[in-house]
Amino acid sequence: MAKTSANYELMYIIDLDKGEEEIAAIVEKFKALIEANGTLNEHEEIGKRKLAYLINDKPEGYYVLAKFQSPPQFPAELDRVLKITDGVMRSLITVIGE
């Protein structure tokens with residue numbers, strides 16, 4: 001029996017140089033994308049944090065955590081969009097265990 005959906009966790013870091021309005025727009029964009037393709041279970045804007053190491057010579061970023069349920073083909077598309085979105089420094093999508 002094929003599974004129709006799985007649970008995922010997305011963590012992404014936005015460049016602080018984007019400014020508050022643009023950061024809010026990026027957060028809203030991914031929130032809407034997840035809601036359009038699955039169920040958003042949890043969404044937390046962790047906010048400004050020091051990075052473990054410099055990314056693009058920057059010491060800080062804006063962290064966002066989202067937990068969602070979606071069909072298994074959606075995370076690949078979400079990852080693609082994250083990679084081409086200007087302002088997203090890093091992102092990681094993980095499958096949450098059964």
# chains A, B, ... in the order shown; residues from 1 in each chain; ligands from 1

$ select_by_dssp --residues "chain A" --states "helix (DSSP H, G or I)" --output "ChimeraX atom specification"
/A:16-37,74-84

$ closest_atom_pairs --of "stretch 23-55 of chain A" --to "stretch 5-13 of chain A" --cutoff "12 Å" --atoms "only C-alpha atoms" --output "JSON lines"
{"residue": "A:Ile23", "atom": "CA", "partner": "A:Ile13", "partner_atom": "CA", "distance": 10.0}
{"residue": "A:Ile26", "atom": "CA", "partner": "A:Ile13", "partner_atom": "CA", "distance": 10.5}
{"residue": "A:Val27", "atom": "CA", "partner": "A:Tyr12", "partner_atom": "CA", "distance": 9.5}
{"residue": "A:Phe30", "atom": "CA", "partner": "A:Tyr12", "partner_atom": "CA", "distance": 10.1}
{"residue": "A:Lys31", "atom": "CA", "partner": "A:Leu10", "partner_atom": "CA", "distance": 10.7}
{"residue": "A:Ile34", "atom": "CA", "partner": "A:Leu10", "partner_atom": "CA", "distance": 10.1}
{"residue": "A:Asn37", "atom": "CA", "partner": "A:Ser5", "partner_atom": "CA", "distance": 10.6}
{"residue": "A:Gly38", "atom": "CA", "partner": "A:Ser5", "partner_atom": "CA", "distance": 8.4}
{"residue": "A:Thr39", "atom": "CA", "partner": "A:Asn7", "partner_atom": "CA", "distance": 9.3}
{"residue": "A:Leu40", "atom": "CA", "partner": "A:Tyr8", "partner_atom": "CA", "distance": 9.7}
{"residue": "A:Asn41", "atom": "CA", "partner": "A:Asn7", "partner_atom": "CA", "distance": 9.2}
{"residue": "A:Glu42", "atom": "CA", "partner": "A:Glu9", "partner_atom": "CA", "distance": 9.1}
{"residue": "A:His43", "atom": "CA", "partner": "A:Leu10", "partner_atom": "CA", "distance": 9.5}
{"residue": "A:Glu44", "atom": "CA", "partner": "A:Met11", "partner_atom": "CA", "distance": 9.6}
{"residue": "A:Glu45", "atom": "CA", "partner": "A:Met11", "partner_atom": "CA", "distance": 9.9}
{"residue": "A:Ile46", "atom": "CA", "partner": "A:Ile13", "partner_atom": "CA", "distance": 9.8}
{"residue": "A:Gly47", "atom": "CA", "partner": "A:Ile13", "partner_atom": "CA", "distance": 9.2}
{"residue": "A:Lys48", "atom": "CA", "partner": "A:Ile13", "partner_atom": "CA", "distance": 9.2}
{"residue": "A:Arg49", "atom": "CA", "partner": "A:Ile13", "partner_atom": "CA", "distance": 9.3}
{"residue": "A:Lys50", "atom": "CA", "partner": "A:Ile13", "partner_atom": "CA", "distance": 10.7}
{"residue": "A:Leu51", "atom": "CA", "partner": "A:Ile13", "partner_atom": "CA", "distance": 9.2}
{"residue": "A:Ala52", "atom": "CA", "partner": "A:Ile13", "partner_atom": "CA", "distance": 11.9}
{"residue": "A:Ile55", "atom": "CA", "partner": "A:Ile13", "partner_atom": "CA", "distance": 10.1}

$ write_last_selection --atoms "N, CA and C atoms" --output "PDB file, in the first residue's frame"
ATOM      1  N   ILE A  23      11.952  39.788   4.500  1.00  0.00           N
ATOM      2  CA  ILE A  23      12.013  38.542   5.280  1.00  0.00           C
ATOM      3  C   ILE A  23      10.590  38.025   5.513  1.00  0.00           C
ATOM      4  N   ILE A  26       9.232  36.476   2.366  1.00  0.00           N
ATOM      5  CA  ILE A  26       9.806  35.149   2.083  1.00  0.00           C
ATOM      6  C   ILE A  26       9.149  34.101   2.987  1.00  0.00           C
ATOM      7  N   VAL A  27       8.998  34.430   4.271  1.00  0.00           N
ATOM      8  CA  VAL A  27       8.354  33.517   5.225  1.00  0.00           C
ATOM      9  C   VAL A  27       6.934  33.202   4.760  1.00  0.00           C
ATOM     10  N   PHE A  30       6.756  30.778   1.634  1.00  0.00           N
ATOM     11  CA  PHE A  30       6.931  29.352   1.891  1.00  0.00           C
ATOM     12  C   PHE A  30       5.795  28.769   2.726  1.00  0.00           C
ATOM     13  N   LYS A  31       5.230  29.590   3.601  1.00  0.00           N
ATOM     14  CA  LYS A  31       4.071  29.159   4.383  1.00  0.00           C
ATOM     15  C   LYS A  31       2.908  28.845   3.419  1.00  0.00           C
ATOM     16  N   ILE A  34       3.606  25.655   1.271  1.00  0.00           N
ATOM     17  CA  ILE A  34       3.369  24.420   2.038  1.00  0.00           C
ATOM     18  C   ILE A  34       1.867  24.177   2.194  1.00  0.00           C
ATOM     19  N   ASN A  37       0.202  22.755  -0.851  1.00  0.00           N
ATOM     20  CA  ASN A  37       0.592  21.399  -1.251  1.00  0.00           C
ATOM     21  C   ASN A  37       0.506  20.362  -0.134  1.00  0.00           C
ATOM     22  N   GLY A  38       0.099  20.797   1.044  1.00  0.00           N
ATOM     23  CA  GLY A  38       0.030  19.855   2.165  1.00  0.00           C
ATOM     24  C   GLY A  38      -0.621  20.510   3.366  1.00  0.00           C
ATOM     25  N   THR A  39      -0.303  19.993   4.543  1.00  0.00           N
ATOM     26  CA  THR A  39      -0.864  20.510   5.785  1.00  0.00           C
ATOM     27  C   THR A  39       0.259  21.052   6.642  1.00  0.00           C
ATOM     28  N   LEU A  40       0.180  22.324   6.986  1.00  0.00           N
ATOM     29  CA  LEU A  40       1.175  22.943   7.861  1.00  0.00           C
ATOM     30  C   LEU A  40       0.773  22.659   9.298  1.00  0.00           C
ATOM     31  N   ASN A  41       1.570  21.849  10.001  1.00  0.00           N
ATOM     32  CA  ASN A  41       1.239  21.474  11.376  1.00  0.00           C
ATOM     33  C   ASN A  41       1.798  22.442  12.402  1.00  0.00           C
ATOM     34  N   GLU A  42       2.964  22.968  12.101  1.00  0.00           N
ATOM     35  CA  GLU A  42       3.624  23.859  13.050  1.00  0.00           C
ATOM     36  C   GLU A  42       4.469  24.847  12.259  1.00  0.00           C
ATOM     37  N   HIS A  43       4.453  26.109  12.678  1.00  0.00           N
ATOM     38  CA  HIS A  43       5.267  27.123  12.000  1.00  0.00           C
ATOM     39  C   HIS A  43       5.830  28.038  13.069  1.00  0.00           C
ATOM     40  N   GLU A  44       7.161  28.117  13.141  1.00  0.00           N
ATOM     41  CA  GLU A  44       7.788  28.930  14.171  1.00  0.00           C
ATOM     42  C   GLU A  44       8.882  29.792  13.561  1.00  0.00           C
ATOM     43  N   GLU A  45       8.749  31.096  13.767  1.00  0.00           N
ATOM     44  CA  GLU A  45       9.802  32.005  13.344  1.00  0.00           C
ATOM     45  C   GLU A  45      10.724  32.158  14.543  1.00  0.00           C
ATOM     46  N   ILE A  46      11.848  31.476  14.493  1.00  0.00           N
ATOM     47  CA  ILE A  46      12.796  31.489  15.601  1.00  0.00           C
ATOM     48  C   ILE A  46      13.480  32.857  15.678  1.00  0.00           C
ATOM     49  N   GLY A  47      13.674  33.465  14.516  1.00  0.00           N
ATOM     50  CA  GLY A  47      14.216  34.819  14.481  1.00  0.00           C
ATOM     51  C   GLY A  47      15.716  34.866  14.267  1.00  0.00           C
ATOM     52  N   LYS A  48      16.287  36.011  14.620  1.00  0.00           N
ATOM     53  CA  LYS A  48      17.709  36.265  14.375  1.00  0.00           C
ATOM     54  C   LYS A  48      18.564  35.424  15.311  1.00  0.00           C
ATOM     55  N   ARG A  49      19.497  34.684  14.726  1.00  0.00           N
ATOM     56  CA  ARG A  49      20.406  33.828  15.505  1.00  0.00           C
ATOM     57  C   ARG A  49      21.798  33.890  14.894  1.00  0.00           C
ATOM     58  N   LYS A  50      22.772  33.644  15.726  1.00  0.00           N
ATOM     59  CA  LYS A  50      24.154  33.556  15.255  1.00  0.00           C
ATOM     60  C   LYS A  50      24.315  32.222  14.531  1.00  0.00           C
ATOM     61  N   LEU A  51      24.983  32.245  13.390  1.00  0.00           N
ATOM     62  CA  LEU A  51      25.232  31.023  12.627  1.00  0.00           C
ATOM     63  C   LEU A  51      26.402  30.253  13.248  1.00  0.00           C
ATOM     64  N   ALA A  52      26.401  28.935  13.087  1.00  0.00           N
ATOM     65  CA  ALA A  52      27.487  28.099  13.594  1.00  0.00           C
ATOM     66  C   ALA A  52      28.789  28.425  12.859  1.00  0.00           C
ATOM     67  N   ILE A  55      28.211  32.065   6.574  1.00  0.00           N
ATOM     68  CA  ILE A  55      27.619  31.693   5.292  1.00  0.00           C
ATOM     69  C   ILE A  55      27.629  32.982   4.475  1.00  0.00           C
TER      70      ILE A  55
END

$ select_by_dssp --residues "stretch 12-57 of chain A" --states "strand (DSSP E or B)" --output "PyMOL selection string"
chain A and resi 12-14+39-55

$ atom_distance --atom1 "atom CA of A:Ala32" --atom2 "atom CA of A:Gly61"
21.4 Å

$ residues_around --residues "A:Gly87" --least-positions-apart "5" --cutoff "7 Å" --atoms "only C-alpha atoms" --output "VMD selection string"
chain A and resid 14 to 15 18

$ write_last_selection --atoms "C-alpha atoms" --output "CSV table (one decimal), in the first residue's frame"
chain,number,residue,atom,x,y,z
A,14,ILE,CA,17.1,34.0,5.5
A,15,ASP,CA,19.7,36.6,4.9
A,18,LYS,CA,16.9,41.5,3.1

$ atom_distance --atom1 "atom CA of A:Met89" --atom2 "atom CA of A:Ala66"
16.1 Å

$ closest_residue --among "A:Tyr53, A:Phe74, A:Tyr62, A:Leu92" --to "A:Glu20" --atoms "only C-alpha atoms"
A:Tyr62

$ atom_distance --atom1 "atom CA of A:Asn56" --atom2 "atom CA of A:Lys29"
22.8 Å

$ closest_residue --among "A:Gly97, A:Ser70, A:Arg80, A:Val64" --to "A:Glu28" --atoms "only C-alpha atoms"
A:Val64
